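Chemist: What follows is model_27.pdb; its format and atoms are PDB, C-alpha atoms.
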ATOM      1  CA  MET A 247     -21.456  -0.439  -4.063
ATOM      2  CA  ASP A 248     -21.698   2.884  -2.252
ATOM      3  CA  GLU A 249     -18.799   4.464  -0.391
ATOM      4  CA  GLN A 250     -20.315   3.846   3.062
ATOM      5  CA  ALA A 251     -20.566   0.105   2.386
ATOM      6  CA  LEU A 252     -16.977   0.093   1.102
ATOM      7  CA  LEU A 253     -15.813   1.957   4.206
ATOM      8  CA  GLU A 254     -17.521  -0.638   6.393
ATOM      9  CA  GLN A 255     -15.721  -3.399   4.461
ATOM     10  CA  ALA A 256     -12.403  -1.609   4.956
ATOM     11  CA  ILE A 257     -13.053  -1.236   8.697
ATOM     12  CA  ALA A 258     -13.952  -4.931   8.979
ATOM     13  CA  PHE A 259     -10.799  -5.920   7.083
ATOM     14  CA  HIS A 260      -8.532  -3.597   9.101
ATOM     15  CA  GLY A 261     -10.134  -4.331  12.469
ATOM     16  CA  HIS A 262     -10.889  -0.781  13.612
ATOM     17  CA  TYR A 263     -11.683   2.697  12.344
ATOM     18  CA  CYS A 264      -8.830   5.179  12.538
ATOM     19  CA  PRO A 265      -7.411   8.261  10.800
ATOM     20  CA  GLY A 266      -4.870   6.230   8.814
ATOM     21  CA  LEU A 267      -7.535   3.934   7.387
ATOM     22  CA  THR A 268      -9.593   6.983   6.418
ATOM     23  CA  ILE A 269      -6.626   8.548   4.602
ATOM     24  CA  GLY A 270      -6.119   5.391   2.538
ATOM     25  CA  PHE A 271      -9.837   5.076   1.904
ATOM     26  CA  ARG A 272     -10.214   8.632   0.639
ATOM     27  CA  ALA A 273      -7.014   8.414  -1.411
ATOM     28  CA  ALA A 274      -8.208   5.199  -3.083
ATOM     29  CA  CYS A 275     -11.613   6.739  -3.859
ATOM     30  CA  ILE A 276      -9.906   9.738  -5.468
ATOM     31  CA  GLY A 277      -7.530   7.533  -7.455
ATOM     32  CA  LEU A 278     -10.238   5.216  -8.750
ATOM     33  CA  ARG A 279     -12.457   8.163  -9.741
ATOM     34  CA  ALA A 280      -9.565   9.853 -11.552
ATOM     35  CA  LEU A 281      -8.836   6.667 -13.507
ATOM     36  CA  GLY A 282     -12.526   6.046 -14.190
ATOM     37  CA  VAL A 283     -12.390   2.497 -12.866
ATOM     38  CA  ALA A 284     -13.836   0.365 -10.099
ATOM     39  CA  ARG A 285     -12.239  -2.394  -8.032
ATOM     40  CA  ALA A 286      -9.875  -4.657  -9.954
ATOM     41  CA  ALA A 287     -10.975  -8.229 -10.540
ATOM     42  CA  ASP A 288      -7.400  -9.358 -11.135
ATOM     43  CA  GLU A 289      -4.186  -7.503 -12.027
ATOM     44  CA  GLU A 290      -5.557  -4.759 -14.302
ATOM     45  CA  LEU A 291      -4.882  -2.062 -11.689
ATOM     46  CA  VAL A 292      -1.690  -1.295  -9.801
ATOM     47  CA  ALA A 293      -1.417   0.492  -6.457
ATOM     48  CA  ILE A 294       1.847   1.796  -5.061
ATOM     49  CA  ALA A 295       1.777   2.683  -1.364
ATOM     50  CA  GLU A 296       4.509   4.920   0.040
ATOM     51  CA  THR A 297       3.692   3.767   3.567
ATOM     52  CA  ASP A 298       3.198   0.546   5.473
ATOM     53  CA  ALA A 299       0.519   2.089   7.698
ATOM     54  CA  CYS A 300      -3.232   1.559   8.130
ATOM     55  CA  GLY A 301      -4.276   3.220   4.874
ATOM     56  CA  VAL A 302      -2.819   0.345   2.854
ATOM     57  CA  ASP A 303      -5.612  -1.913   4.126
ATOM     58  CA  ALA A 304      -8.261   0.440   2.733
ATOM     59  CA  VAL A 305      -6.389   0.587  -0.579
ATOM     60  CA  GLN A 306      -6.495  -3.225  -0.782
ATOM     61  CA  VAL A 307     -10.226  -3.375  -0.092
ATOM     62  CA  LEU A 308     -11.181  -0.604  -2.519
ATOM     63  CA  THR A 309      -8.832  -1.400  -5.399
ATOM     64  CA  GLY A 310      -8.531  -5.182  -5.195
ATOM     65  CA  CYS A 311      -4.748  -4.773  -5.420
ATOM     66  CA  THR A 312      -2.783  -7.108  -3.154
ATOM     67  CA  VAL A 313       0.845  -7.966  -2.479
ATOM     68  CA  GLY A 314       0.093 -11.595  -3.332
ATOM     69  CA  LYS A 315      -1.135 -10.708  -6.825
ATOM     70  CA  GLY A 316       1.870  -8.478  -7.345
ATOM     71  CA  ASN A 317      -0.178  -5.379  -8.073
ATOM     72  CA  LEU A 318       0.213  -3.724  -4.664
ATOM     73  CA  ILE A 319       3.737  -2.400  -4.285
ATOM     74  CA  LEU A 320       4.864  -1.282  -0.818
ATOM     75  CA  ARG A 321       7.523   1.421  -0.738
ATOM     76  CA  ASP A 322       7.758   2.380   2.897
ATOM     77  CA  TRP A 323       8.978   5.933   2.507
ATOM     78  CA  GLY A 324       6.930   7.100   5.487
ATOM     79  CA  LYS A 325       4.572   9.188   3.345
ATOM     80  CA  GLN A 326       0.788   9.133   3.254
ATOM     81  CA  ALA A 327       0.858   8.857  -0.533
ATOM     82  CA  PHE A 328      -0.592   6.328  -2.951
ATOM     83  CA  SER A 329      -0.336   5.951  -6.723
ATOM     84  CA  PHE A 330      -2.956   4.143  -8.770
ATOM     85  CA  GLY A 331      -2.429   2.979 -12.324
ATOM     86  CA  ARG A 332      -4.212   1.196 -15.157
ATOM     87  CA  ARG A 333      -2.267  -1.455 -17.001
ATOM     88  CA  ASP A 334      -4.462  -1.195 -20.113
ATOM     89  CA  ASP A 335      -3.555   2.419 -20.925
ATOM     90  CA  GLY A 336      -0.590   3.118 -18.605
ATOM     91  CA  ARG A 337      -2.198   6.099 -16.867
ATOM     92  CA  MET A 338      -1.188   6.629 -13.247
ATOM     93  CA  VAL A 339      -2.308   9.163 -10.654
ATOM     94  CA  ARG A 340      -0.613   9.934  -7.328
ATOM     95  CA  VAL A 341      -2.683  11.020  -4.326
ATOM     96  CA  ALA A 342      -0.693  12.444  -1.387
ATOM     97  CA  LEU A 343      -1.874  13.845   1.927
ATOM     98  CA  ARG A 344      -1.035  17.555   2.021
ATOM     99  CA  TYR A 345       1.564  18.419   4.631
ATOM    100  CA  GLY A 346      -0.145  20.081   7.591
ATOM    101  CA  ALA A 347      -3.672  19.495   6.287
ATOM    102  CA  LEU A 348      -4.797  17.906   9.540
ATOM    103  CA  GLN A 349      -2.911  20.096  12.013
ATOM    104  CA  ARG A 350      -4.729  22.434  14.356
ATOM    105  CA  ASP A 351      -3.357  25.202  16.530
ATOM    106  CA  ASP A 352      -4.804  23.717  19.736
ATOM    107  CA  GLU A 353      -3.720  20.131  19.060
ATOM    108  CA  GLY A 354      -0.928  20.116  21.650
ATOM    109  CA  THR A 355      -3.315  20.975  24.477
ATOM    110  CA  LEU A 356      -5.992  18.370  23.758
ATOM    111  CA  PRO A 357      -6.152  14.860  25.230
ATOM    112  CA  GLU A 358      -5.222  12.044  22.821
ATOM    113  CA  ASP A 359      -8.784  10.724  22.413
ATOM    114  CA  GLU A 360     -10.047  14.216  21.560
ATOM    115  CA  ARG A 361      -7.241  14.760  19.019
ATOM    116  CA  ARG A 362      -8.118  11.436  17.389
ATOM    117  CA  ARG A 363     -11.825  12.287  17.257
ATOM    118  CA  LEU A 364     -11.124  15.680  15.706
ATOM    119  CA  SER A 365      -8.711  14.160  13.174
ATOM    120  CA  LEU A 366     -11.359  11.673  12.074
ATOM    121  CA  GLU A 367     -13.939  14.438  11.842
ATOM    122  CA  ARG A 368     -11.642  16.580   9.686
ATOM    123  CA  LEU A 369     -10.751  13.584   7.504
ATOM    124  CA  GLN A 370     -14.434  12.878   6.908
ATOM    125  CA  THR A 371     -15.469  16.445   6.136
ATOM    126  CA  MET A 372     -12.551  18.232   4.459
ATOM    127  CA  PRO A 373     -12.835  18.653   0.691
ATOM    128  CA  ASP A 374     -10.530  16.397  -1.329
ATOM    129  CA  GLU A 375      -8.548  19.341  -2.695
ATOM    130  CA  ALA A 376      -7.848  20.676   0.826
ATOM    131  CA  LEU A 377      -6.687  17.296   2.074
ATOM    132  CA  PHE A 378      -4.783  15.822  -0.871
ATOM    133  CA  ASP A 379      -2.453  16.788  -3.676
ATOM    134  CA  VAL A 380      -3.421  14.873  -6.817
ATOM    135  CA  GLN A 381      -1.166  14.676  -9.838
ATOM    136  CA  TRP A 382      -0.837  12.548 -12.938
ATOM    137  CA  VAL A 383       2.417  10.620 -12.948
ATOM    138  CA  ASP A 384       4.531   9.755 -15.958
ATOM    139  CA  ALA A 385       6.268   6.579 -14.813
ATOM    140  CA  PRO A 386       6.313   2.981 -15.985
ATOM    141  CA  LEU A 387       3.852   0.694 -14.242
ATOM    142  CA  PRO A 388       5.214  -2.486 -12.699
ATOM    143  CA  GLY A 389       4.565  -5.491 -14.921
ATOM    144  CA  PRO A 390       2.258  -8.376 -14.044
ATOM    145  CA  ALA A 391       3.409 -10.855 -11.406
ATOM    146  CA  ARG A 392       6.028 -13.277 -12.688
ATOM    147  CA  LEU A 393       6.464 -16.907 -11.751
ATOM    148  CA  PHE A 394       9.931 -18.245 -11.009
ATOM    149  CA  ARG A 395      11.358 -21.698 -10.514
ATOM    150  CA  THR A 396      11.956 -22.832  -6.926
ATOM    151  CA  VAL A 397      15.432 -24.027  -5.980
ATOM    152  CA  ARG A 398      16.782 -25.602  -2.788
ATOM    153  CA  CYS A 399      18.759 -23.353  -0.458
ATOM    154  CA  GLU A 400      21.970 -25.141   0.505
ATOM    155  CA  GLY A 401      21.986 -23.389   3.882
ATOM    156  CA  CYS A 402      18.587 -24.307   5.309
ATOM    157  CA  GLY A 403      17.249 -26.814   2.810
ATOM    158  CA  GLU A 404      14.089 -24.819   2.109
ATOM    159  CA  GLY A 405      12.756 -23.900  -1.305
ATOM    160  CA  VAL A 406      13.397 -20.342  -2.471
ATOM    161  CA  MET A 407      12.325 -18.404  -5.564
ATOM    162  CA  GLU A 408      15.209 -18.546  -8.031
ATOM    163  CA  ALA A 409      15.112 -14.766  -8.521
ATOM    164  CA  ARG A 410      15.885 -14.272  -4.798
ATOM    165  CA  VAL A 411      18.793 -16.736  -4.596
ATOM    166  CA  ARG A 412      22.283 -15.456  -3.750
ATOM    167  CA  LEU A 413      25.360 -17.475  -4.646
ATOM    168  CA  ARG A 414      28.236 -18.066  -2.246
ATOM    169  CA  ASP A 415      31.030 -20.302  -3.496
ATOM    170  CA  GLY A 416      28.670 -21.432  -6.262
ATOM    171  CA  GLN A 417      26.032 -22.627  -3.774
ATOM    172  CA  PRO A 418      22.482 -21.200  -3.910
ATOM    173  CA  LEU A 419      21.399 -19.564  -0.653
ATOM    174  CA  CYS A 420      18.154 -17.856   0.327
ATOM    175  CA  PRO A 421      18.537 -14.213   1.449
ATOM    176  CA  ALA A 422      18.164 -15.224   5.112
ATOM    177  CA  CYS A 423      21.046 -17.703   4.949
ATOM    178  CA  TYR A 424      23.174 -15.419   2.788
ATOM    179  CA  GLY A 425      22.541 -12.172   4.628
ATOM    180  CA  PRO A 426      24.039 -10.673   7.742
ATOM    181  CA  GLU A 427      20.729 -10.638   9.662
ATOM    182  CA  TYR A 428      21.063 -14.216  10.836
ATOM    183  CA  THR A 429      22.235 -17.581   9.614
ATOM    184  CA  ARG A 430      20.580 -20.963   9.582
ATOM    185  CA  ARG A 431      21.982 -24.419   9.148
ATOM    186  CA  ALA A 432      20.298 -27.446   7.661
ATOM    187  CA  PRO A 433      19.647 -30.173  10.268
TER     188      PRO A 433
END
Kindly present the structure from the file in structure tokens form.

Modeler:
Amino acid sequence: MDEQALLEQAIAFHGHYCPGLTIGFRAACIGLRALGVARAADEELVAIAETDACGVDAVQVLTGCTVGKGNLILRDWGKQAFSFGRRDDGRMVRVALRYGALQRDDEGTLPEDERRRLSLERLQTMPDEALFDVQWVDAPLPGPARLFRTVRCEGCGEGVMEARVRLRDGQPLCPACYGPEYTRRAP
């Protein structure tokens, strides 16, 4: 499938076209080309997103990596950076938006819609090497998704993955019942 068709799929999945989606789209294209692979059918690829922003949707569409399959890892560090890895050979490449690559001297004086239009235009036309830093990463890839037994939370009565259970006075509790965020009681 050509890149334009993939971009249209990413836009349809995300709901609109925006600079963030374009960053993720271009980063995923670079990563897949560097690894010499296409979209994953299952868990053979891993994507690590250092953001929770729009670009993650493009990464999902292009790579086939998803949170549900366990091969899309979200690390919200507030960076427009994505790593892509192959489980068969362990190679991983990181693609990060260069700091300041999209800034213009006149940006502060332009209306918001004009700034957005110009950002999209620059994102579409800038060469990869001017927009992104690309480097091979020597780090272990996350393993395939694991299945865990479900146990009953003694606080709310709901099932919870055993690996997420916390014990209080020997009683299994889900993180929500255990944690300080809020508490729940079984009816």

Chemist: At what distance in Å, to one decimal, does atom CA of A:Pro421 lie from atom CA of A:Met407?

Modeler: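 According to the coordinates, atom CA of A:Met407 and atom CA of A:Pro421 are separated by 10.3 Å.
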
Chemist: Skipping near chain neighbours, those fewer than 3 positions away, what residues fall within 12 Å of stretch 385-398 of chain A using all atoms listed in the file, listed as JSON, numbers by chain?

Modeler: {"A": [288, 289, 290, 291, 292, 293, 294, 311, 312, 313, 314, 315, 316, 317, 318, 319, 320, 329, 330, 331, 332, 333, 334, 335, 336, 337, 338, 339, 340, 382, 401, 402, 403, 404, 405, 406, 407, 408, 409, 410, 411, 412, 413, 417, 418, 419, 420, 423, 432]}

Chemist: Would you write out those residues with C-alpha atoms, as an mmCIF file, in the frame of the given file?

Modeler:
data_model
loop_
_atom_site.group_PDB
_atom_site.id
_atom_site.type_symbol
_atom_site.label_atom_id
_atom_site.label_comp_id
_atom_site.auth_asym_id
_atom_site.auth_seq_id
_atom_site.Cartn_x
_atom_site.Cartn_y
_atom_site.Cartn_z
ATOM 1 C CA ASP A 288 -7.400 -9.358 -11.135
ATOM 2 C CA GLU A 289 -4.186 -7.503 -12.027
ATOM 3 C CA GLU A 290 -5.557 -4.759 -14.302
ATOM 4 C CA LEU A 291 -4.882 -2.062 -11.689
ATOM 5 C CA VAL A 292 -1.690 -1.295 -9.801
ATOM 6 C CA ALA A 293 -1.417 0.492 -6.457
ATOM 7 C CA ILE A 294 1.847 1.796 -5.061
ATOM 8 C CA CYS A 311 -4.748 -4.773 -5.420
ATOM 9 C CA THR A 312 -2.783 -7.108 -3.154
ATOM 10 C CA VAL A 313 0.845 -7.966 -2.479
ATOM 11 C CA GLY A 314 0.093 -11.595 -3.332
ATOM 12 C CA LYS A 315 -1.135 -10.708 -6.825
ATOM 13 C CA GLY A 316 1.870 -8.478 -7.345
ATOM 14 C CA ASN A 317 -0.178 -5.379 -8.073
ATOM 15 C CA LEU A 318 0.213 -3.724 -4.664
ATOM 16 C CA ILE A 319 3.737 -2.400 -4.285
ATOM 17 C CA LEU A 320 4.864 -1.282 -0.818
ATOM 18 C CA SER A 329 -0.336 5.951 -6.723
ATOM 19 C CA PHE A 330 -2.956 4.143 -8.770
ATOM 20 C CA GLY A 331 -2.429 2.979 -12.324
ATOM 21 C CA ARG A 332 -4.212 1.196 -15.157
ATOM 22 C CA ARG A 333 -2.267 -1.455 -17.001
ATOM 23 C CA ASP A 334 -4.462 -1.195 -20.113
ATOM 24 C CA ASP A 335 -3.555 2.419 -20.925
ATOM 25 C CA GLY A 336 -0.590 3.118 -18.605
ATOM 26 C CA ARG A 337 -2.198 6.099 -16.867
ATOM 27 C CA MET A 338 -1.188 6.629 -13.247
ATOM 28 C CA VAL A 339 -2.308 9.163 -10.654
ATOM 29 C CA ARG A 340 -0.613 9.934 -7.328
ATOM 30 C CA TRP A 382 -0.837 12.548 -12.938
ATOM 31 C CA GLY A 401 21.986 -23.389 3.882
ATOM 32 C CA CYS A 402 18.587 -24.307 5.309
ATOM 33 C CA GLY A 403 17.249 -26.814 2.810
ATOM 34 C CA GLU A 404 14.089 -24.819 2.109
ATOM 35 C CA GLY A 405 12.756 -23.900 -1.305
ATOM 36 C CA VAL A 406 13.397 -20.342 -2.471
ATOM 37 C CA MET A 407 12.325 -18.404 -5.564
ATOM 38 C CA GLU A 408 15.209 -18.546 -8.031
ATOM 39 C CA ALA A 409 15.112 -14.766 -8.521
ATOM 40 C CA ARG A 410 15.885 -14.272 -4.798
ATOM 41 C CA VAL A 411 18.793 -16.736 -4.596
ATOM 42 C CA ARG A 412 22.283 -15.456 -3.750
ATOM 43 C CA LEU A 413 25.360 -17.475 -4.646
ATOM 44 C CA GLN A 417 26.032 -22.627 -3.774
ATOM 45 C CA PRO A 418 22.482 -21.200 -3.910
ATOM 46 C CA LEU A 419 21.399 -19.564 -0.653
ATOM 47 C CA CYS A 420 18.154 -17.856 0.327
ATOM 48 C CA CYS A 423 21.046 -17.703 4.949
ATOM 49 C CA ALA A 432 20.298 -27.446 7.661
#

Chemist: May I ask which of the residues A:Arg368, A:Ala327, A:Asp384, A:Val307 is the closest one to A:Ile257, counting only C-alpha atoms?

Modeler: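 Among the listed residues, A:Val307 lies closest to A:Ile257.
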
Chemist: Please evaluate the PyMOL selection byres ((chain A and resi 375) around 12) against the displayed coordinates and give the resulting residues as a list of chain:residue names.

Modeler: A:Arg272, A:Ala273, A:Ile276, A:Val341, A:Ala342, A:Leu343, A:Arg344, A:Ala347, A:Leu369, A:Thr371, A:Met372, A:Pro373, A:Asp374, A:Ala376, A:Leu377, A:Phe378, A:Asp379, A:Val380, A:Gln381

Chemist: What does the distance between atom CA of A:Gly270 and atom CA of A:Gly324 come to in Å, to one decimal place?

Modeler: 13.5 Å

Chemist: Run the PyMOL selection byres ((chain A and resi 285) around 8) against the file shown and list the residues it catches, as a ChimeraX atom specification.

Modeler: /A:278,283-284,286-287,308-310

Chemist: To one decimal in Å, tell me the separation between atom CA of A:Glu254 and atom CA of A:Asp303.

Modeler: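 Calculated distance between atom CA of A:Glu254 and atom CA of A:Asp303 is 12.2 Å.
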
Chemist: Which centre and which edge lengths, in Å to one decimal, describe the axis-aligned box that holds all listed atoms of stretch 372-378 of chain A after 4 Å is added on each side, as AutoDock Vina command-line options?

Modeler:
--center_x -8.8 --center_y 18.2 --center_z 0.9 --size_x 16.1 --size_y 12.9 --size_z 15.2

Chemist: Quick one: of A:Gln370, A:Thr268, A:Gln255, A:Thr355, who's nearest to A:Val302, counting only C-alpha atoms?

Modeler: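 Of A:Gln370, A:Thr268, A:Gln255, A:Thr355, the one nearest A:Val302, counting only C-alpha atoms, is A:Thr268.
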
Chemist: If the PyMOL selection byres ((chain A and resi 321) around 7) were run on this exact file, what residues would it hold? Put them as a ChimeraX atom specification.

Modeler: /A:295-297,319-320,322-323

Chemist: For the point (-9.2, 5.4, 6.8) in file coordinates, what residues are within 8 Å, counting all atoms listed in the file? Give the answer as a list in words?

Modeler: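 Nearby residues: Leu253, Ala256, Ile257, Tyr263, Cys264, Pro265, Gly266, Leu267, Thr268, Ile269, Gly270, Phe271, Arg272, Cys300, Gly301 and Ala304 of chain A.
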
Chemist: Since the input has fewer atoms than a full residue there, write stretch 365-377 of chain A out with N, CA and C atoms, as a PDB file, keeping the file's coordinate frame.

Modeler:
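Printed below is part18.pdb as written:
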ATOM      1  N   SER A 365      -9.382  14.561  14.422  1.00  0.00           N
ATOM      2  CA  SER A 365      -8.711  14.160  13.174  1.00  0.00           C
ATOM      3  C   SER A 365      -9.667  13.389  12.278  1.00  0.00           C
ATOM      4  N   LEU A 366     -10.388  12.442  12.858  1.00  0.00           N
ATOM      5  CA  LEU A 366     -11.359  11.673  12.074  1.00  0.00           C
ATOM      6  C   LEU A 366     -12.438  12.579  11.499  1.00  0.00           C
ATOM      7  N   GLU A 367     -12.900  13.512  12.309  1.00  0.00           N
ATOM      8  CA  GLU A 367     -13.939  14.438  11.842  1.00  0.00           C
ATOM      9  C   GLU A 367     -13.429  15.273  10.664  1.00  0.00           C
ATOM     10  N   ARG A 368     -12.212  15.793  10.792  1.00  0.00           N
ATOM     11  CA  ARG A 368     -11.642  16.580   9.686  1.00  0.00           C
ATOM     12  C   ARG A 368     -11.450  15.709   8.447  1.00  0.00           C
ATOM     13  N   LEU A 369     -10.965  14.487   8.638  1.00  0.00           N
ATOM     14  CA  LEU A 369     -10.751  13.584   7.504  1.00  0.00           C
ATOM     15  C   LEU A 369     -12.053  13.265   6.779  1.00  0.00           C
ATOM     16  N   GLN A 370     -13.143  13.203   7.511  1.00  0.00           N
ATOM     17  CA  GLN A 370     -14.434  12.878   6.908  1.00  0.00           C
ATOM     18  C   GLN A 370     -15.061  14.073   6.198  1.00  0.00           C
ATOM     19  N   THR A 371     -14.737  15.283   6.633  1.00  0.00           N
ATOM     20  CA  THR A 371     -15.469  16.445   6.136  1.00  0.00           C
ATOM     21  C   THR A 371     -14.667  17.379   5.232  1.00  0.00           C
ATOM     22  N   MET A 372     -13.353  17.320   5.289  1.00  0.00           N
ATOM     23  CA  MET A 372     -12.551  18.232   4.459  1.00  0.00           C
ATOM     24  C   MET A 372     -12.722  17.907   2.985  1.00  0.00           C
ATOM     25  N   PRO A 373     -12.776  18.909   2.132  1.00  0.00           N
ATOM     26  CA  PRO A 373     -12.835  18.653   0.691  1.00  0.00           C
ATOM     27  C   PRO A 373     -11.550  17.964   0.225  1.00  0.00           C
ATOM     28  N   ASP A 374     -11.681  17.133  -0.799  1.00  0.00           N
ATOM     29  CA  ASP A 374     -10.530  16.397  -1.329  1.00  0.00           C
ATOM     30  C   ASP A 374      -9.354  17.322  -1.615  1.00  0.00           C
ATOM     31  N   GLU A 375      -9.630  18.451  -2.272  1.00  0.00           N
ATOM     32  CA  GLU A 375      -8.548  19.341  -2.695  1.00  0.00           C
ATOM     33  C   GLU A 375      -7.850  20.023  -1.521  1.00  0.00           C
ATOM     34  N   ALA A 376      -8.490  20.111  -0.357  1.00  0.00           N
ATOM     35  CA  ALA A 376      -7.848  20.676   0.826  1.00  0.00           C
ATOM     36  C   ALA A 376      -7.002  19.630   1.547  1.00  0.00           C
ATOM     37  N   LEU A 377      -7.344  18.387   1.359  1.00  0.00           N
ATOM     38  CA  LEU A 377      -6.687  17.296   2.074  1.00  0.00           C
ATOM     39  C   LEU A 377      -5.559  16.651   1.277  1.00  0.00           C
TER      40      LEU A 377
END
